[in-house]
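Shown next: run-v3.cif, given as mmCIF, C-alpha atoms.
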```cif
data_upload
#
loop_
_atom_site.label_atom_id
_atom_site.label_comp_id
_atom_site.auth_asym_id
_atom_site.auth_seq_id
_atom_site.Cartn_x
_atom_site.Cartn_y
_atom_site.Cartn_z
CA MET A 449 16.19 3.44 31.70
CA ARG A 450 17.97 0.17 30.99
CA ALA A 451 15.64 -1.34 28.40
CA PHE A 452 15.46 1.95 26.48
CA ALA A 453 19.24 2.59 26.47
CA PRO A 454 20.18 0.49 23.37
CA VAL A 455 17.40 2.11 21.35
CA GLU A 456 18.38 5.60 22.48
CA ARG A 457 21.99 4.98 21.46
CA PHE A 458 20.89 3.75 18.05
CA VAL A 459 18.61 6.74 17.49
CA GLN A 460 21.46 9.05 18.43
CA GLU A 461 23.76 7.36 15.92
CA VAL A 462 21.12 7.69 13.22
CA THR A 463 20.42 11.32 14.05
CA SER A 464 24.12 12.23 14.00
CA ARG A 465 24.74 9.94 10.99
CA GLN A 466 27.53 8.17 12.85
CA LEU A 467 26.42 4.81 11.53
CA LYS A 468 28.03 1.41 11.86
CA PRO A 469 28.35 -0.88 8.78
CA GLY A 470 25.17 -2.64 9.83
CA TYR A 471 22.94 -3.57 12.73
CA VAL A 472 21.00 -6.53 14.07
CA PHE A 473 17.70 -5.71 15.77
CA ILE A 474 17.43 -8.61 18.19
CA GLY A 475 14.28 -9.16 20.26
CA ASP A 476 10.53 -9.24 19.69
CA GLU A 477 9.52 -5.97 21.39
CA GLY A 478 7.72 -4.34 18.48
CA PHE A 479 7.61 -0.90 20.09
CA PHE A 480 11.39 -0.54 19.97
CA ARG A 481 11.55 -1.87 16.43
CA ARG A 482 8.99 0.72 15.35
CA THR A 483 10.88 3.50 17.15
CA CYS A 484 14.14 2.65 15.39
CA ARG A 485 12.49 2.32 11.99
CA GLU A 486 10.78 5.69 12.40
CA ALA A 487 14.12 7.28 13.32
CA ILE A 488 15.72 5.82 10.20
CA LEU A 489 12.93 7.05 7.94
CA ALA A 490 12.89 10.51 9.50
CA ASN A 491 16.64 11.07 9.25
CA LEU A 492 17.87 8.99 6.32
CA VAL A 493 15.04 8.45 3.86
CA PRO A 494 13.23 11.53 2.45
CA PRO A 495 9.50 10.80 1.90
CA GLY A 496 9.72 11.44 -1.83
CA MET A 497 12.63 9.02 -2.28
CA ARG A 498 11.40 5.96 -0.39
CA GLU A 499 10.49 4.11 -3.55
CA PHE A 500 14.14 4.26 -4.62
CA SER A 501 15.98 4.08 -1.30
CA LEU A 502 13.99 1.86 1.07
CA TYR A 503 13.99 -1.94 0.67
CA ASP A 504 12.43 -4.74 2.71
CA PHE A 505 13.70 -8.29 2.25
CA ASP A 506 12.98 -11.63 3.89
CA LEU A 507 15.73 -14.24 4.04
CA GLU A 508 13.09 -16.93 3.64
CA ASN A 509 12.68 -15.69 0.07
CA THR A 510 15.88 -13.81 -0.79
CA PRO A 511 19.41 -15.12 -0.07
CA LEU A 512 21.58 -12.90 2.10
CA VAL A 513 24.27 -12.87 -0.59
CA GLU A 514 21.80 -11.23 -2.98
CA VAL A 515 20.82 -8.62 -0.39
CA LEU A 516 24.49 -7.78 0.23
CA ASP A 517 25.09 -7.39 -3.50
CA ARG A 518 22.21 -4.91 -3.63
CA ALA A 519 23.57 -3.03 -0.61
CA ARG A 520 27.04 -2.90 -2.15
CA THR A 521 25.75 -1.39 -5.41
CA PRO A 522 25.31 2.43 -5.42
CA SER A 523 21.91 3.70 -6.49
CA LEU A 524 21.52 5.95 -9.49
CA MET A 525 18.31 7.42 -8.09
CA ALA A 526 18.98 7.78 -4.35
CA GLY A 527 21.91 9.16 -2.45
CA PHE A 528 21.35 6.78 0.46
CA GLN A 529 19.76 3.33 0.70
CA VAL A 530 18.29 1.42 3.65
CA PHE A 531 17.86 -2.36 3.68
CA PHE A 532 15.60 -3.99 6.27
CA VAL A 533 16.15 -7.77 6.27
CA ARG A 534 13.74 -10.02 8.15
CA GLY A 535 13.82 -13.78 8.56
CA VAL A 536 17.23 -13.99 10.25
CA LYS A 537 16.15 -17.35 11.65
CA ALA A 538 16.66 -18.81 8.17
CA LEU A 539 20.43 -18.37 8.56
CA TYR A 540 20.40 -20.98 11.31
CA GLY A 541 18.12 -23.54 9.69
CA ARG A 542 18.98 -26.74 7.90
CA GLY A 543 21.97 -26.92 5.61
CA LYS A 544 25.22 -25.01 5.57
CA HIS A 545 25.27 -21.24 5.63
CA ASP A 546 29.00 -20.65 5.52
CA ALA A 547 28.70 -18.75 2.24
CA GLU A 548 26.25 -16.25 3.70
CA PHE A 549 28.38 -15.57 6.77
CA ALA A 550 31.51 -15.27 4.62
CA ALA A 551 29.74 -12.78 2.35
CA LEU A 552 28.68 -10.77 5.37
CA ALA A 553 32.26 -10.73 6.69
CA ASP A 554 33.48 -9.43 3.32
CA TYR A 555 30.82 -6.73 3.25
CA ALA A 556 31.62 -5.60 6.79
CA LYS A 557 35.27 -5.08 5.81
CA ASN A 558 34.32 -2.73 2.99
CA PRO A 559 30.72 -1.56 3.49
CA ASN A 560 28.91 0.88 1.27
CA PRO A 561 29.01 4.21 3.16
CA ASP A 562 25.79 5.23 1.42
CA ALA A 563 23.79 2.23 2.62
CA LEU A 564 22.42 1.03 5.95
CA LEU A 565 21.95 -2.71 6.52
CA VAL A 566 19.53 -3.77 9.26
CA LEU A 567 18.89 -7.45 10.02
CA VAL A 568 15.78 -8.15 12.11
CA ALA A 569 15.97 -11.11 14.50
CA ASP A 570 12.49 -10.92 16.00
CA HIS A 571 12.23 -14.67 16.65
CA ILE A 572 13.96 -14.19 20.01
CA SER A 573 12.25 -12.96 23.17
CA ILE A 574 14.44 -11.10 25.66
CA PRO A 575 12.82 -10.65 29.10
CA SER A 576 13.48 -7.59 31.23
CA ASP A 577 15.56 -9.84 33.49
CA VAL A 578 17.93 -11.70 31.15
CA ARG A 579 18.48 -14.35 33.82
CA ARG A 580 14.92 -15.51 33.09
CA MET A 581 15.49 -15.92 29.36
CA GLU A 582 14.29 -19.28 28.09
CA MET A 583 17.04 -21.71 27.15
CA THR A 584 16.00 -21.83 23.47
CA ASP A 585 16.12 -18.05 23.16
CA LYS A 586 19.40 -17.93 25.05
CA ASP A 587 21.00 -20.41 22.64
CA ARG A 588 19.69 -18.46 19.66
CA TYR A 589 20.99 -15.21 21.11
CA GLU A 590 24.46 -16.64 21.67
CA ARG A 591 24.61 -18.03 18.12
CA ILE A 592 23.70 -14.65 16.66
CA LYS A 593 26.21 -12.92 18.90
CA GLU A 594 28.98 -15.31 17.82
CA THR A 595 28.17 -14.99 14.10
CA LEU A 596 26.36 -11.81 13.07
CA GLY A 597 27.68 -10.02 16.14
CA GLU A 598 31.23 -10.40 14.84
CA HIS A 599 30.46 -8.06 11.93
CA LEU A 600 27.34 -6.08 12.84
CA THR A 601 26.24 -4.10 15.90
CA LEU A 602 23.56 -5.74 18.04
CA VAL A 603 20.67 -3.57 19.25
CA GLU A 604 18.65 -5.36 21.94
CA PHE A 605 14.88 -5.01 22.14
CA ALA A 606 14.17 -6.43 25.58
CA ARG A 607 10.91 -6.39 27.47
CA VAL A 608 10.45 -3.40 29.74
CA GLU A 609 10.26 -3.60 33.52
CA GLU A 610 7.09 -2.28 35.10
CA GLY A 611 8.83 0.70 36.71
CA GLU A 612 10.44 1.74 33.44
CA ALA A 613 7.13 1.46 31.58
CA VAL A 614 5.43 3.67 34.18
CA LYS A 615 8.23 6.22 33.92
CA TRP A 616 7.95 6.23 30.11
CA LEU A 617 4.21 6.78 30.37
CA ASN A 618 4.63 9.75 32.69
CA GLU A 619 7.33 11.34 30.54
CA THR A 620 5.43 10.80 27.30
CA ALA A 621 2.19 12.17 28.72
CA ALA A 622 4.03 15.19 30.12
CA ALA A 623 5.60 15.84 26.71
CA GLN A 624 2.03 16.04 25.34
CA GLY A 625 1.08 18.52 28.07
CA ALA A 626 -0.99 15.96 30.00
CA LYS A 627 -0.76 14.48 33.49
CA LEU A 628 -1.11 10.75 34.15
CA ASP A 629 -2.24 9.82 37.63
CA ALA A 630 0.02 7.31 39.40
CA ASP A 631 -2.68 4.66 39.88
CA ALA A 632 -3.75 5.06 36.25
CA ALA A 633 -0.20 4.48 35.00
CA ARG A 634 0.26 1.38 37.16
CA GLU A 635 -3.10 -0.07 36.09
CA LEU A 636 -2.34 0.53 32.41
CA VAL A 637 1.02 -1.22 32.63
CA ASP A 638 -0.26 -4.09 34.74
CA SER A 639 -3.31 -4.77 32.59
CA LEU A 640 -1.27 -4.86 29.38
CA GLY A 641 1.53 -7.00 30.79
CA GLY A 642 4.28 -4.46 30.12
CA ASP A 643 3.86 -4.79 26.33
CA MET A 644 5.20 -1.43 25.15
CA MET A 645 3.56 -1.55 21.73
CA MET A 646 0.14 -1.97 23.29
CA ILE A 647 0.91 0.53 26.06
CA SER A 648 1.95 3.21 23.57
CA ASN A 649 -1.14 2.61 21.42
CA GLU A 650 -3.46 2.80 24.43
CA LEU A 651 -1.79 5.97 25.71
CA GLU A 652 -2.38 7.62 22.34
CA LYS A 653 -6.07 6.72 22.56
CA LEU A 654 -6.28 8.00 26.14
CA LEU A 655 -4.71 11.34 25.21
CA LEU A 656 -7.32 11.79 22.50
CA TYR A 657 -10.07 10.72 24.89
CA VAL A 658 -9.26 13.19 27.69
CA GLY A 659 -8.69 16.03 25.20
CA GLU A 660 -8.57 19.45 26.79
CA LYS A 661 -8.87 17.97 30.29
CA LYS A 662 -5.18 17.04 29.95
CA ARG A 663 -5.39 14.56 32.82
CA ILE A 664 -5.69 10.78 32.63
CA THR A 665 -7.26 9.15 35.66
CA LEU A 666 -7.78 5.55 36.70
CA GLY A 667 -11.39 5.88 35.62
CA ASP A 668 -10.29 6.89 32.13
CA VAL A 669 -8.07 3.81 31.89
CA GLU A 670 -10.86 1.55 33.09
CA THR A 671 -13.24 3.09 30.57
CA MET A 672 -10.98 3.14 27.52
CA VAL A 673 -8.66 0.18 28.08
CA LEU A 674 -9.90 -2.34 30.62
CA ALA A 675 -13.51 -2.18 29.48
CA ALA A 676 -12.38 -2.95 25.94
CA LYS A 677 -10.40 -5.95 27.18
CA GLN A 678 -13.47 -7.10 29.16
CA ARG A 679 -15.64 -7.09 26.04
CA THR A 680 -13.02 -8.80 23.92
CA LEU A 681 -10.15 -10.76 25.45
CA TYR A 682 -12.03 -12.21 28.43
CA GLU A 683 -15.14 -12.79 26.34
CA LEU A 684 -12.90 -14.71 23.96
CA THR A 685 -11.35 -16.88 26.69
CA ASP A 686 -14.82 -17.42 28.17
CA ALA A 687 -16.09 -18.74 24.83
CA ILE A 688 -12.98 -20.88 24.39
CA SER A 689 -13.19 -22.41 27.86
CA SER A 690 -16.91 -23.12 27.24
CA HIS A 691 -16.02 -24.80 23.91
CA ASN A 692 -18.39 -22.40 22.13
CA ARG A 693 -16.66 -22.19 18.76
CA ALA A 694 -19.25 -20.00 17.05
CA ARG A 695 -19.19 -17.38 19.79
CA ALA A 696 -15.40 -17.48 19.98
CA LEU A 697 -15.16 -16.71 16.26
CA GLU A 698 -17.65 -13.85 16.64
CA VAL A 699 -15.56 -12.29 19.42
CA LEU A 700 -12.38 -12.74 17.42
CA ASP A 701 -13.98 -11.00 14.45
CA ALA A 702 -14.89 -8.05 16.69
CA MET A 703 -11.30 -7.87 17.96
CA LEU A 704 -9.82 -7.94 14.46
CA SER A 705 -12.30 -5.37 13.16
CA THR A 706 -11.07 -2.85 15.71
CA GLY A 707 -7.38 -3.86 15.58
CA ASP A 708 -4.33 -2.04 14.27
CA GLY A 709 -3.06 -4.39 11.56
CA ASP A 710 -0.29 -6.98 11.85
CA GLU A 711 1.08 -5.68 15.13
CA ALA A 712 -2.40 -6.00 16.68
CA ALA A 713 -2.55 -9.67 15.67
CA ILE A 714 0.69 -10.39 17.53
CA GLY A 715 -0.59 -8.37 20.48
CA HIS A 716 -3.82 -10.38 20.65
CA LEU A 717 -1.82 -13.62 20.75
CA TYR A 718 0.44 -12.24 23.46
CA MET A 719 -2.51 -11.34 25.69
CA LEU A 720 -4.20 -14.66 24.95
CA ALA A 721 -1.07 -16.60 25.90
CA ARG A 722 -0.69 -14.48 29.03
CA THR A 723 -4.26 -15.27 30.15
CA PHE A 724 -3.79 -19.01 29.60
CA ARG A 725 -0.55 -18.91 31.61
CA GLN A 726 -2.42 -17.14 34.39
CA MET A 727 -5.12 -19.82 34.30
CA LEU A 728 -2.41 -22.48 34.49
CA VAL A 729 -1.04 -20.94 37.69
CA ILE A 730 -4.59 -20.67 39.08
CA LEU A 731 -5.25 -24.33 38.35
CA GLU A 732 -1.92 -25.54 39.76
CA ARG A 733 -2.31 -23.47 42.96
CA ASN A 734 -5.98 -24.41 43.30
CA VAL A 735 -7.04 -20.77 43.55
CA ARG A 736 -10.69 -20.34 44.58
CA ASP A 737 -11.02 -16.62 45.36
CA THR A 738 -9.55 -13.26 44.40
CA ARG A 739 -7.69 -12.87 47.71
CA THR A 740 -5.65 -15.99 47.03
CA LEU A 741 -5.32 -15.01 43.38
CA TYR A 742 -3.27 -11.91 44.14
CA GLN A 743 -1.06 -13.92 46.46
CA VAL A 744 -0.01 -16.39 43.77
CA LEU A 745 0.24 -13.98 40.81
CA TRP A 746 3.28 -11.75 41.03
CA GLN A 747 3.48 -8.05 40.22
CA GLY A 748 3.34 -7.47 36.48
CA PHE A 749 1.52 -10.77 35.93
CA ARG A 750 -1.73 -9.95 37.68
CA ILE A 751 -5.25 -9.97 36.32
CA PRO A 752 -7.21 -6.68 36.39
CA PRO A 753 -9.64 -6.67 39.34
CA PHE A 754 -12.71 -6.49 37.08
CA ALA A 755 -11.77 -9.78 35.39
CA ALA A 756 -10.35 -11.75 38.32
CA GLU A 757 -13.46 -13.78 39.16
CA ASP A 758 -14.15 -14.46 35.48
CA VAL A 759 -10.69 -15.88 34.89
CA ILE A 760 -10.88 -18.03 38.04
CA ARG A 761 -14.20 -19.42 36.82
CA GLN A 762 -12.84 -20.04 33.34
CA SER A 763 -9.77 -21.86 34.64
CA ARG A 764 -12.00 -24.34 36.50
CA ARG A 765 -13.51 -25.47 33.20
CA PHE A 766 -10.23 -27.08 32.21
CA LYS A 767 -9.95 -30.61 33.48
CA SER A 768 -6.19 -30.80 33.80
CA ARG A 769 -2.88 -29.02 33.48
CA ARG A 770 -2.39 -30.88 30.21
CA GLU A 771 -5.30 -29.06 28.54
CA LEU A 772 -3.90 -25.65 29.44
CA THR A 773 -0.35 -26.48 28.38
CA ARG A 774 -1.78 -27.78 25.09
CA ALA A 775 -3.49 -24.41 24.57
CA ILE A 776 -0.28 -22.51 25.34
CA ARG A 777 1.65 -24.66 22.84
CA LEU A 778 -0.99 -24.03 20.16
CA ILE A 779 -0.74 -20.28 20.73
CA ALA A 780 3.05 -20.43 20.54
CA LYS A 781 2.90 -22.30 17.22
CA ALA A 782 0.39 -19.81 15.84
CA ASP A 783 2.66 -16.97 16.94
CA ALA A 784 5.55 -18.50 15.02
CA THR A 785 3.31 -18.87 11.96
CA LEU A 786 2.22 -15.21 12.17
CA ARG A 787 5.83 -14.06 12.32
CA SER A 788 6.60 -16.00 9.13
CA ASN A 789 4.32 -13.65 7.14
CA PRO A 790 1.56 -16.11 6.11
CA PRO A 791 -0.83 -15.19 3.27
CA SER A 792 -3.67 -14.58 5.75
CA LYS A 793 -3.07 -13.69 9.40
CA ARG A 794 -6.82 -13.75 10.02
CA LEU A 795 -6.98 -17.37 8.85
CA VAL A 796 -4.18 -18.34 11.24
CA LEU A 797 -6.03 -16.74 14.15
CA GLU A 798 -9.38 -18.26 13.19
CA ASN A 799 -7.91 -21.75 12.95
CA LEU A 800 -6.19 -21.26 16.30
CA ILE A 801 -9.46 -20.25 17.96
CA LEU A 802 -11.20 -23.28 16.47
CA ASP A 803 -8.47 -25.52 17.92
CA LEU A 804 -8.62 -23.88 21.33
CA ALA A 805 -12.41 -23.98 21.54
CA SER A 806 -12.62 -27.65 20.50
CA GLU A 807 -12.57 -30.58 22.85
CA PRO A 808 -8.97 -31.88 22.68
CA LYS A 809 -8.60 -35.17 20.86
CA GLU A 810 -5.56 -37.40 20.87
CA ASN A 811 -3.42 -37.72 17.73
CA GLN A 812 -5.25 -34.89 15.94
CA ALA A 813 -3.21 -32.13 14.31
CA PRO A 814 -4.38 -28.57 15.00
CA ALA A 815 -6.48 -26.94 12.29
CA TRP A 816 -3.79 -24.51 11.19
CA GLN A 817 -1.42 -27.46 10.59
CA GLN A 818 -4.12 -29.35 8.70
CA GLU A 819 -4.44 -26.38 6.34
CA SER A 820 -0.75 -26.58 5.57
CA LEU A 821 -0.94 -30.32 5.01
CA LEU A 822 -3.62 -29.83 2.40
CA ASP A 823 -1.50 -27.37 0.39
#
```
Kindly transcribe the structure held in the file into structure tokens.
Amino acid sequence: MRAFAPVERFVQEVTSRQLKPGYVFIGDEGFFRRTCREAILANLVPPGMREFSLYDFDLENTPLVEVLDRARTPSLMAGFQVFFVRGVKALYGRGKHDAEFAALADYAKNPNPDALLVLVADHISIPSDVRRMEMTDKDRYERIKETLGEHLTLVEFARVEEGEAVKWLNETAAAQGAKLDADAARELVDSLGGDMMMISNELEKLLLYVGEKKRITLGDVETMVLAAKQRTLYELTDAISSHNRARALEVLDAMLSTGDGDEAAIGHLYMLARTFRQMLVILERNVRDTRTLYQVLWQGFRIPPFAAEDVIRQSRRFKSRRELTRAIRLIAKADATLRSNPPSKRLVLENLILDLASEPKENQAPAWQQESLLD
């Protein structure tokens, strides 16, 4: 499978300990990032030694030169060290960064054989079809390829095509001794928009749910996955489109109370942005019924049948395309804020929901920006 190939090669290199001087994890698909990290921990970092051999840095707080100095220095306590470095976007911000790139070039010429350097560039989104990559992400990708790619090995974390996601589901279920019905697999992938992190989490829940039955049906998916989305995501967008701020915050609280930490926060934003994009298409195409809805929404971007009429109704509450594009921009800004490791992810989400559920006013900064202005 094409999207899985770079990750499989990396895992093989880690397992065989045929490591390159360093790697760049490029792309925002959290499932692949988790898979690679788990492979590193399982093969290179013994559980009892992680305090001495595993390090996480952020270039927003720690200069790359300092990280490289740490990687270059042998450890007295651990035979092998692993350095995960987030915030790669900082290398391409304001000011000159020639010193950092020069230091990286020097390190790559004479790397520490007992250290693994991994830079995480998760500010770039790589679609399953690279021809559809947004121009901003494409420019960022090319800059990383021309700079970091000269010294480190790039490992792409692209979005997964629907067919590949279905195949992964079938293979993973079979490895657990369970069978996944074809319509159940397609519905699971379609309802979650091909997001592999969410798909893998939901499959784990489904396997526990079916237990000894060892068979996952469409009904199981509708019960365990789609029903949950009906009570949460579409209730949230219903409250937002009705400008019911109190109810929207109550639904958000329910979603966060049953979430899976930081990754769940990003996943909620992804699904929220996806629903608003769907409503934008519905509004632009003047969709009035479910039959027309499935004609204008392409495969992999469709709304689950149980929610179709609700989303059509919600989209009609927006007066113009401008209101929906404003909402999508607010979600995108909140997503960027979440990825910058703010003190409180819940606060970012709550302020976003307040902005989305409020009547838009001209020349008013969103709530999450007002918080930052007060600091």
| Given the PyMOL selection byres ((chain A and resi 681) around 12), the residues it picks as an MDAnalysis selection string | chainID A and resid 639:640 673:680 682:688 696 698:704 715:724 751 755 758:759
| task | Given the file shown, determine the residues that the PyMOL selection byres ((chain A and resi 602-618) around 7) selects; report them as a ChimeraX atom specification. | result | /A:449,451,454-455,471-477,480,574-576,597,600-601,619-622,628,633-634,637,642,748
| field | Coordinates-based distance that separates atom CA of Thr738 of chain A from atom CA of Ala712 of chain A (Å, one decimal) | value |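 Interatomic distance here is 29.5 Å.
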| So which one's closest to Leu772 of chain A, A:Glu456, A:Glu807, A:Glu652, A:Glu798? Using all atoms listed in the file, please. | A:Glu807
| Skipping near chain neighbours, those fewer than 5 positions away, what residues fall within 12 Å of Leu489 of chain A using all atoms listed in the file, listed as a ChimeraX atom specification? | /A:459,462-463,482-484,494-498,501-503,528-532,564
Complete the atom set of segment 736-752 of chain A to N, CA and C atoms and return it as a PDB file, in the coordinates of the input.
```
ATOM      1  N   ARG A 736      -9.229 -20.334  44.542  1.00  0.00           N
ATOM      2  CA  ARG A 736     -10.690 -20.340  44.580  1.00  0.00           C
ATOM      3  C   ARG A 736     -11.284 -18.950  44.771  1.00  0.00           C
ATOM      4  N   ASP A 737     -10.482 -17.961  45.138  1.00  0.00           N
ATOM      5  CA  ASP A 737     -11.020 -16.620  45.360  1.00  0.00           C
ATOM      6  C   ASP A 737      -9.980 -15.581  44.970  1.00  0.00           C
ATOM      7  N   THR A 738     -10.429 -14.342  44.865  1.00  0.00           N
ATOM      8  CA  THR A 738      -9.550 -13.260  44.400  1.00  0.00           C
ATOM      9  C   THR A 738      -8.455 -12.945  45.414  1.00  0.00           C
ATOM     10  N   ARG A 739      -8.722 -13.151  46.707  1.00  0.00           N
ATOM     11  CA  ARG A 739      -7.690 -12.870  47.710  1.00  0.00           C
ATOM     12  C   ARG A 739      -6.482 -13.775  47.497  1.00  0.00           C
ATOM     13  N   THR A 740      -6.740 -15.054  47.283  1.00  0.00           N
ATOM     14  CA  THR A 740      -5.650 -15.990  47.030  1.00  0.00           C
ATOM     15  C   THR A 740      -5.009 -15.718  45.677  1.00  0.00           C
ATOM     16  N   LEU A 741      -5.823 -15.264  44.722  1.00  0.00           N
ATOM     17  CA  LEU A 741      -5.320 -15.010  43.380  1.00  0.00           C
ATOM     18  C   LEU A 741      -4.160 -14.022  43.398  1.00  0.00           C
ATOM     19  N   TYR A 742      -4.314 -12.930  44.126  1.00  0.00           N
ATOM     20  CA  TYR A 742      -3.270 -11.910  44.140  1.00  0.00           C
ATOM     21  C   TYR A 742      -2.073 -12.287  44.998  1.00  0.00           C
ATOM     22  N   GLN A 743      -2.206 -13.394  45.710  1.00  0.00           N
ATOM     23  CA  GLN A 743      -1.060 -13.920  46.460  1.00  0.00           C
ATOM     24  C   GLN A 743      -0.172 -14.789  45.575  1.00  0.00           C
ATOM     25  N   VAL A 744      -0.775 -15.461  44.599  1.00  0.00           N
ATOM     26  CA  VAL A 744      -0.010 -16.390  43.770  1.00  0.00           C
ATOM     27  C   VAL A 744       0.464 -15.756  42.463  1.00  0.00           C
ATOM     28  N   LEU A 745      -0.192 -14.675  42.031  1.00  0.00           N
ATOM     29  CA  LEU A 745       0.240 -13.980  40.810  1.00  0.00           C
ATOM     30  C   LEU A 745       1.118 -12.794  41.191  1.00  0.00           C
ATOM     31  N   TRP A 746       2.319 -12.770  40.670  1.00  0.00           N
ATOM     32  CA  TRP A 746       3.280 -11.750  41.030  1.00  0.00           C
ATOM     33  C   TRP A 746       2.994 -10.431  40.309  1.00  0.00           C
ATOM     34  N   GLN A 747       3.641  -9.372  40.814  1.00  0.00           N
ATOM     35  CA  GLN A 747       3.480  -8.050  40.220  1.00  0.00           C
ATOM     36  C   GLN A 747       3.893  -8.068  38.747  1.00  0.00           C
ATOM     37  N   GLY A 748       3.070  -7.457  37.904  1.00  0.00           N
ATOM     38  CA  GLY A 748       3.340  -7.470  36.480  1.00  0.00           C
ATOM     39  C   GLY A 748       2.713  -8.646  35.758  1.00  0.00           C
ATOM     40  N   PHE A 749       2.156  -9.593  36.535  1.00  0.00           N
ATOM     41  CA  PHE A 749       1.520 -10.770  35.930  1.00  0.00           C
ATOM     42  C   PHE A 749       0.108 -10.951  36.500  1.00  0.00           C
ATOM     43  N   ARG A 750      -0.430  -9.864  37.022  1.00  0.00           N
ATOM     44  CA  ARG A 750      -1.730  -9.950  37.680  1.00  0.00           C
ATOM     45  C   ARG A 750      -2.868  -9.676  36.715  1.00  0.00           C
ATOM     46  N   ILE A 751      -4.032 -10.153  37.100  1.00  0.00           N
ATOM     47  CA  ILE A 751      -5.250  -9.970  36.320  1.00  0.00           C
ATOM     48  C   ILE A 751      -5.948  -8.713  36.825  1.00  0.00           C
ATOM     49  N   PRO A 752      -6.469  -7.863  35.940  1.00  0.00           N
ATOM     50  CA  PRO A 752      -7.210  -6.680  36.390  1.00  0.00           C
ATOM     51  C   PRO A 752      -8.343  -7.084  37.322  1.00  0.00           C
TER      52      PRO A 752
END
```
